[in-house]
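Peer 1: Handing over start.pdb, PDB, C-alpha atoms and all ligand atoms.
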```pdb
ATOM      1  CA  MET A1035      75.682-111.012 220.918  1.00  0.00           C
ATOM      2  CA  GLU A1036      75.652-107.296 220.180  1.00  0.00           C
ATOM      3  CA  LYS A1037      72.373-105.770 218.976  1.00  0.00           C
ATOM      4  CA  ARG A1038      72.140-102.900 216.535  1.00  0.00           C
ATOM      5  CA  TRP A1039      69.339-100.929 214.898  1.00  0.00           C
ATOM      6  CA  CYS A1040      69.043-100.943 211.147  1.00  0.00           C
ATOM      7  CA  ASN A1041      69.699 -97.554 209.486  1.00  0.00           C
ATOM      8  CA  ALA A1042      66.845 -98.206 207.038  1.00  0.00           C
ATOM      9  CA  CYS A1043      63.984 -99.882 208.911  1.00  0.00           C
ATOM     10  CA  GLY A1044      65.043 -99.212 212.510  1.00  0.00           C
ATOM     11  CA  SER A1045      64.542-102.775 213.715  1.00  0.00           C
ATOM     12  CA  ALA A1046      67.097-104.564 215.884  1.00  0.00           C
ATOM     13  CA  PHE A1047      69.495-107.040 214.305  1.00  0.00           C
ATOM     14  CA  GLU A1048      72.683-108.899 215.140  1.00  0.00           C
ATOM     15  CA  PRO A1049      75.597-107.886 212.912  1.00  0.00           C
ATOM     16  CA  ARG A1050      77.236-110.751 211.045  1.00  0.00           C
ATOM     17  CA  PRO A1051      80.715-111.609 212.372  1.00  0.00           C
ATOM     18  CA  GLN A1052      82.088-111.144 208.825  1.00  0.00           C
ATOM     19  CA  SER A1053      80.786-107.532 208.766  1.00  0.00           C
ATOM     20  CA  PRO A1054      81.739-105.871 212.056  1.00  0.00           C
ATOM     21  CA  ARG A1055      80.591-102.411 210.845  1.00  0.00           C
ATOM     22  CA  GLN A1056      77.229-103.656 209.524  1.00  0.00           C
ATOM     23  CA  ALA A1057      74.635-100.889 209.834  1.00  0.00           C
ATOM     24  CA  TYR A1058      71.732-102.412 207.871  1.00  0.00           C
ATOM     25  CA  CYS A1059      69.804-105.593 208.605  1.00  0.00           C
ATOM     26  CA  SER A1060      69.654-108.363 206.009  1.00  0.00           C
ATOM     27  CA  GLU A1061      66.118-107.570 204.771  1.00  0.00           C
ATOM     28  CA  PRO A1062      66.240-107.205 200.969  1.00  0.00           C
ATOM     29  CA  LYS A1063      64.610-103.732 201.076  1.00  0.00           C
ATOM     30  CA  CYS A1064      67.193-102.542 203.620  1.00  0.00           C
ATOM     31  CA  GLN A1065      70.051-103.974 201.560  1.00  0.00           C
ATOM     32  CA  THR A1066      68.624-102.169 198.515  1.00  0.00           C
ATOM     33  CA  ALA A1067      68.517 -98.920 200.517  1.00  0.00           C
ATOM     34  CA  ARG A1068      72.140 -99.453 201.630  1.00  0.00           C
ATOM     35  CA  LYS A1069      73.292-100.091 198.071  1.00  0.00           C
ATOM     36  CA  LEU A1070      71.368 -97.056 196.751  1.00  0.00           C
ATOM     37  CA  LEU A1071      72.935 -94.766 199.351  1.00  0.00           C
ATOM     38  CA  TRP A1072      76.399 -96.144 198.607  1.00  0.00           C
ATOM     39  CA  GLN A1073      75.920 -95.639 194.876  1.00  0.00           C
ATOM     40  CA  ARG A1074      74.567 -92.075 195.272  1.00  0.00           C
ATOM     41  CA  THR A1075      77.478 -91.130 197.513  1.00  0.00           C
ATOM     42  CA  LYS A1076      79.975 -92.782 195.176  1.00  0.00           C
ATOM     43  CA  ARG A1077      78.549 -90.970 192.141  1.00  0.00           C
ATOM     44  CA  ARG A1078      78.722 -87.650 193.954  1.00  0.00           C
ATOM     45  CA  THR A1079      82.236 -88.081 195.312  1.00  0.00           C
ATOM     46  CA  ASP A1080      84.054 -90.141 192.652  1.00  0.00           C
ATOM     47  CA  ALA A1081      84.180 -88.425 189.238  1.00  0.00           C
ATOM     48  CA  ASP A1082      85.694 -91.515 187.528  1.00  0.00           C
ATOM     49  CA  TYR A1083      82.932 -93.761 188.883  1.00  0.00           C
ATOM     50  CA  HIS A1084      80.307 -91.238 187.788  1.00  0.00           C
ATOM     51  CA  GLN A1085      81.798 -91.003 184.279  1.00  0.00           C
ATOM     52  CA  ASN A1086      81.980 -94.818 184.012  1.00  0.00           C
ATOM     53  CA  GLN A1087      78.312 -95.058 185.008  1.00  0.00           C
ATOM     54  CA  VAL A1088      77.325 -92.457 182.406  1.00  0.00           C
ATOM     55  CA  GLU A1089      79.225 -94.316 179.668  1.00  0.00           C
ATOM     56  CA  ALA A1090      77.926 -97.748 180.703  1.00  0.00           C
ATOM     57  CA  GLN A1091      74.339 -96.474 180.726  1.00  0.00           C
ATOM     58  CA  LYS A1092      74.813 -94.850 177.333  1.00  0.00           C
ATOM     59  CA  ALA A1093      76.252 -98.097 175.912  1.00  0.00           C
ATOM     60  CA  TRP A1094      73.356-100.065 177.413  1.00  0.00           C
ATOM     61  CA  ARG A1095      70.802 -97.676 175.923  1.00  0.00           C
ATOM     62  CA  THR A1096      72.466 -97.961 172.510  1.00  0.00           C
ATOM     63  CA  LYS A1097      72.392-101.756 172.726  1.00  0.00           C
ATOM     64  CA  ASN A1098      68.772-101.860 173.995  1.00  0.00           C
ATOM     65  CA  ARG A1099      67.160 -99.090 171.975  1.00  0.00           C
ATOM     66  CA  ALA A1100      63.647-100.557 172.158  1.00  0.00           C
ATOM     67  CA  TYR A1101      63.673-101.141 175.943  1.00  0.00           C
ATOM     68  CA  TRP A1102      61.855 -97.958 177.022  1.00  0.00           C
ATOM     69  CA  LYS A1103      59.393 -98.113 174.124  1.00  0.00           C
ATOM     70  CA  ASN A1104      58.525-101.708 175.076  1.00  0.00           C
ATOM     71  CA  TYR A1105      58.355-100.765 178.759  1.00  0.00           C
ATOM     72  CA  ARG A1106      55.952 -97.877 178.069  1.00  0.00           C
ATOM     73  CA  ASP A1107      53.813-100.113 175.846  1.00  0.00           C
ATOM     74  CA  ALA A1108      53.624-102.739 178.605  1.00  0.00           C
ATOM     75  CA  HIS A1109      53.042-100.208 181.452  1.00  0.00           C
ATOM     76  CA  PRO A1110      50.468 -97.631 180.345  1.00  0.00           C
ATOM     77  CA  GLU A1111      49.947 -96.515 183.992  1.00  0.00           C
ATOM     78  CA  TYR A1112      53.634 -95.511 184.096  1.00  0.00           C
ATOM     79  CA  THR A1113      53.197 -93.504 180.898  1.00  0.00           C
ATOM     80  CA  ASP A1114      50.102 -91.747 182.283  1.00  0.00           C
ATOM     81  CA  MET A1115      51.813 -90.907 185.574  1.00  0.00           C
ATOM     82  CA  ASN A1116      54.896 -89.632 183.746  1.00  0.00           C
ATOM     83  CA  ARG A1117      52.749 -87.506 181.454  1.00  0.00           C
ATOM     84  CA  SER A1118      50.817 -85.908 184.336  1.00  0.00           C
ATOM     85  CA  GLN A1119      54.037 -85.205 186.275  1.00  0.00           C
ATOM     86  CA  GLN A1120      55.550 -83.547 183.214  1.00  0.00           C
ATOM     87  CA  ARG A1121      52.403 -81.427 182.763  1.00  0.00           C
ATOM     88  CA  ARG A1122      52.701 -80.300 186.394  1.00  0.00           C
ATOM     89  CA  ARG A1123      56.396 -79.413 185.913  1.00  0.00           C
ATOM     90  CA  ASN A1124      55.623 -77.535 182.694  1.00  0.00           C
ATOM     91  CA  ALA A1125      52.822 -75.604 184.409  1.00  0.00           C
ATOM     92  CA  GLY A1126      55.316 -74.358 186.985  1.00  0.00           C
ATOM     93  CA  ARG A1127      57.957 -73.629 184.364  1.00  0.00           C
ATOM     94  CA  PHE A1128      55.884 -71.548 181.937  1.00  0.00           C
ATOM     95  CA  ARG A1129      54.014 -69.301 184.351  1.00  0.00           C
ATOM     96  CA  ALA A1130      54.233 -65.526 184.360  1.00  0.00           C
ATOM     97  CA  PRO A1131      57.786 -64.217 183.955  1.00  0.00           C
ATOM     98  CA  LEU A1132      59.796 -64.689 187.138  1.00  0.00           C
ATOM     99  CA  ILE A1133      62.236 -61.853 186.571  1.00  0.00           C
ATOM    100  CA  ALA A1134      61.228 -58.206 186.707  1.00  0.00           C
ATOM    101  CA  LYS A1135      62.323 -56.321 183.605  1.00  0.00           C
ATOM    102  CA  SER A1136      64.083 -53.025 184.200  1.00  0.00           C
ATOM    103  CA  ASP A1137      62.682 -51.496 180.993  1.00  0.00           C
ATOM    104  CA  VAL A1138      59.083 -52.539 181.561  1.00  0.00           C
ATOM    105  CA  SER A1139      56.633 -49.813 180.534  1.00  0.00           C
ATOM    106  CA  SER A1140      54.136 -50.198 183.396  1.00  0.00           C
ATOM    107  CA  PRO A1141      54.234 -47.408 185.992  1.00  0.00           C
ATOM    108  CA  TRP A1142      56.268 -47.669 189.184  1.00  0.00           C
ATOM    109  CA  PRO A1143      55.162 -47.709 191.898  1.00  0.00           C
ATOM    110  CA  PRO A1144      52.178 -49.646 190.614  1.00  0.00           C
ATOM    111  CA  PRO A1145      48.720 -48.237 191.242  1.00  0.00           C
ATOM    112  CA  ALA A1146      46.730 -49.735 194.077  1.00  0.00           C
ATOM    113  CA  GLY A1147      45.128 -53.039 193.213  1.00  0.00           C
ATOM    114  CA  LEU A1148      45.324 -56.797 193.351  1.00  0.00           C
ATOM    115  CA  PHE A1149      48.562 -58.475 192.305  1.00  0.00           C
ATOM    116  CA  ARG A1150      49.822 -62.007 192.117  1.00  0.00           C
ATOM    117  CA  LEU A1151      52.926 -62.657 194.181  1.00  0.00           C
ATOM    118  CA  THR A1152      54.709 -65.824 192.987  1.00  0.00           C
ATOM    119  CA  GLU A1153      57.505 -67.569 194.824  1.00  0.00           C
ATOM    120  CA  ILE A1154      60.675 -67.952 192.743  1.00  0.00           C
ATOM    121  CA  HIS A1155      62.140 -71.459 192.734  1.00  0.00           C
ATOM    122  CA  SER A1156      65.515 -72.644 191.568  1.00  0.00           C
ATOM    123  CA  ASP A1157      64.207 -76.205 191.887  1.00  0.00           C
ATOM    124  CA  ALA A1158      62.002 -76.859 188.839  1.00  0.00           C
ATOM    125  CA  ARG A1159      60.528 -80.037 190.392  1.00  0.00           C
ATOM    126  CA  THR A1160      58.326 -78.155 192.822  1.00  0.00           C
ATOM    127  CA  VAL A1161      55.413 -75.952 191.840  1.00  0.00           C
ATOM    128  CA  PRO A1162      55.961 -72.387 193.118  1.00  0.00           C
ATOM    129  CA  LYS A1163      53.351 -71.012 195.529  1.00  0.00           C
ATOM    130  CA  SER A1164      51.334 -67.958 194.550  1.00  0.00           C
ATOM    131  CA  TRP A1165      49.382 -65.459 196.611  1.00  0.00           C
ATOM    132  CA  THR A1166      46.960 -62.748 195.680  1.00  0.00           C
ATOM    133  CA  VAL A1167      48.035 -59.546 197.423  1.00  0.00           C
ATOM    134  CA  HIS A1168      46.334 -56.199 197.665  1.00  0.00           C
ATOM    135  CA  LEU A1169      48.658 -53.211 197.375  1.00  0.00           C
ATOM    136  CA  SER A1170      47.549 -49.799 198.475  1.00  0.00           C
ATOM    137  CA  PRO A1171      49.804 -46.746 198.776  1.00  0.00           C
ATOM    138  CA  VAL A1172      50.443 -45.297 202.236  1.00  0.00           C
ATOM    139  CA  ALA A1173      50.978 -41.804 200.815  1.00  0.00           C
ATOM    140  CA  PRO A1174      48.997 -40.504 197.829  1.00  0.00           C
ATOM    141  CA  LEU A1175      50.711 -41.254 194.510  1.00  0.00           C
ATOM    142  CA  SER A1176      52.193 -38.211 192.776  1.00  0.00           C
ATOM    143  CA  ALA A1177      51.013 -37.732 189.213  1.00  0.00           C
TER     144      ALA A1177
HETATM  145 ZN    ZN B   1      66.358-103.107 208.075  1.00  0.00          ZN
END
```
Would you encode the structure as C-alpha cells?
Ligand SMILES: [Zn+2]
Peer 2:
Amino acid sequence: MEKRWCNACGSAFEPRPQSPRQAYCSEPKCQTARKLLWQRTKRRTDADYHQNQVEAQKAWRTKNRAYWKNYRDAHPEYTDMNRSQQRRRNAGRFRAPLIAKSDVSSPWPPPAGLFRLTEIHSDARTVPKSWTVHLSPVAPLSA
C-alpha cells in the first residue's frame, strides 16, 4: 500500500481507498487542521460563502446573546489573557505620532541629540520596535 506523509503532523499514513487524494492522516488534530485550512481558503476565495458565514454567525450571536458573557464568567483566565493582549495592542497603537507633520514648528534639521526611532507598522497586532539614536550634524548647523 502507498505511504504518504501528513501535511499537518508529518507522520506516515496510508491513504484510505475512498480518498485517493488524502493529504492528512486521520488523527483528530490533523483533521481539524485540514478543515481549518479549507475553511480559511474558502472564506478568502468564495465571497458568497464568506457572506453566508458572516450572516450565520450574526444570527447565532443574536440567538445566543449571553454566550460570551457566560463564557467569560466561567473562564476568568481567558478574560485576563484577552485583557493583557488588548493592553499590549493599545500600547503599540497610541504611541508617539507615526506620521511626521509638514507644519511642525520644531527646527529642521533637528539639533544634535538623542531621538527615538520607531518602526512604522501597518499590522496593529505586533508591537513596533523602537531604537534610541544619536544624531549629530556632519557640517556645522547654520543659524
Ligand atoms: Zn497527521
Peer 1: Could you report the residues within 9 Å of ligand ZN 1 (chain B), using all atoms listed in the file, as a ChimeraX atom specification?
Peer 2: /A:1039-1047,1057-1065,1067
Peer 1: Could you spell out the hits of the PyMOL selection byres (((chain A and resi 1149-1154) around 7) and not hetatm) on the shown file, as a ChimeraX atom specification?
Peer 2: /A:1132,1147-1148,1155-1156,1162-1168
Peer 1: Write out, as a short mmCIF file (atom, residue, chain, number, x, y, z; two decimals), in the coordinates of the input, the residues just selected, with C-alpha atoms.
Peer 2:
```
data_model
loop_
_atom_site.label_atom_id
_atom_site.label_comp_id
_atom_site.auth_asym_id
_atom_site.auth_seq_id
_atom_site.Cartn_x
_atom_site.Cartn_y
_atom_site.Cartn_z
CA LEU A 1132 59.80 -64.69 187.14
CA GLY A 1147 45.13 -53.04 193.21
CA LEU A 1148 45.32 -56.80 193.35
CA HIS A 1155 62.14 -71.46 192.73
CA SER A 1156 65.52 -72.64 191.57
CA PRO A 1162 55.96 -72.39 193.12
CA LYS A 1163 53.35 -71.01 195.53
CA SER A 1164 51.33 -67.96 194.55
CA TRP A 1165 49.38 -65.46 196.61
CA THR A 1166 46.96 -62.75 195.68
CA VAL A 1167 48.04 -59.55 197.42
CA HIS A 1168 46.33 -56.20 197.66
#
```
Peer 1: May I ask for the distance between CA of Arg1122 in chain A and CA of His1109 in chain A, given in Å to one decimal place?
Peer 2: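 According to the coordinates, CA of Arg1122 in chain A and CA of His1109 in chain A are separated by 20.5 Å.
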Peer 1: Quick one, how far is CA of Gln1091 in chain A from CA of Gln1073 in chain A?
Peer 2: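 CA of Gln1091 in chain A sits 14.3 Å away from CA of Gln1073 in chain A.
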Peer 1: Taking all atoms of range 1069-1082 of chain A that the file lists, what box with edges along x, y and z, padded by 6 Å per side, do you get, with centre and edge lengths in Å to one decimal, as lines of an AutoDock Vina configuration file?
Peer 2:
```
center_x = 78.5
center_y = -93.9
center_z = 193.4
size_x = 26.3
size_y = 24.4
size_z = 23.8
```
Peer 1: CA of Thr1160 in chain A to CA of Arg1127 in chain A: how many Å, to one decimal?
Peer 2: 9.6 Å
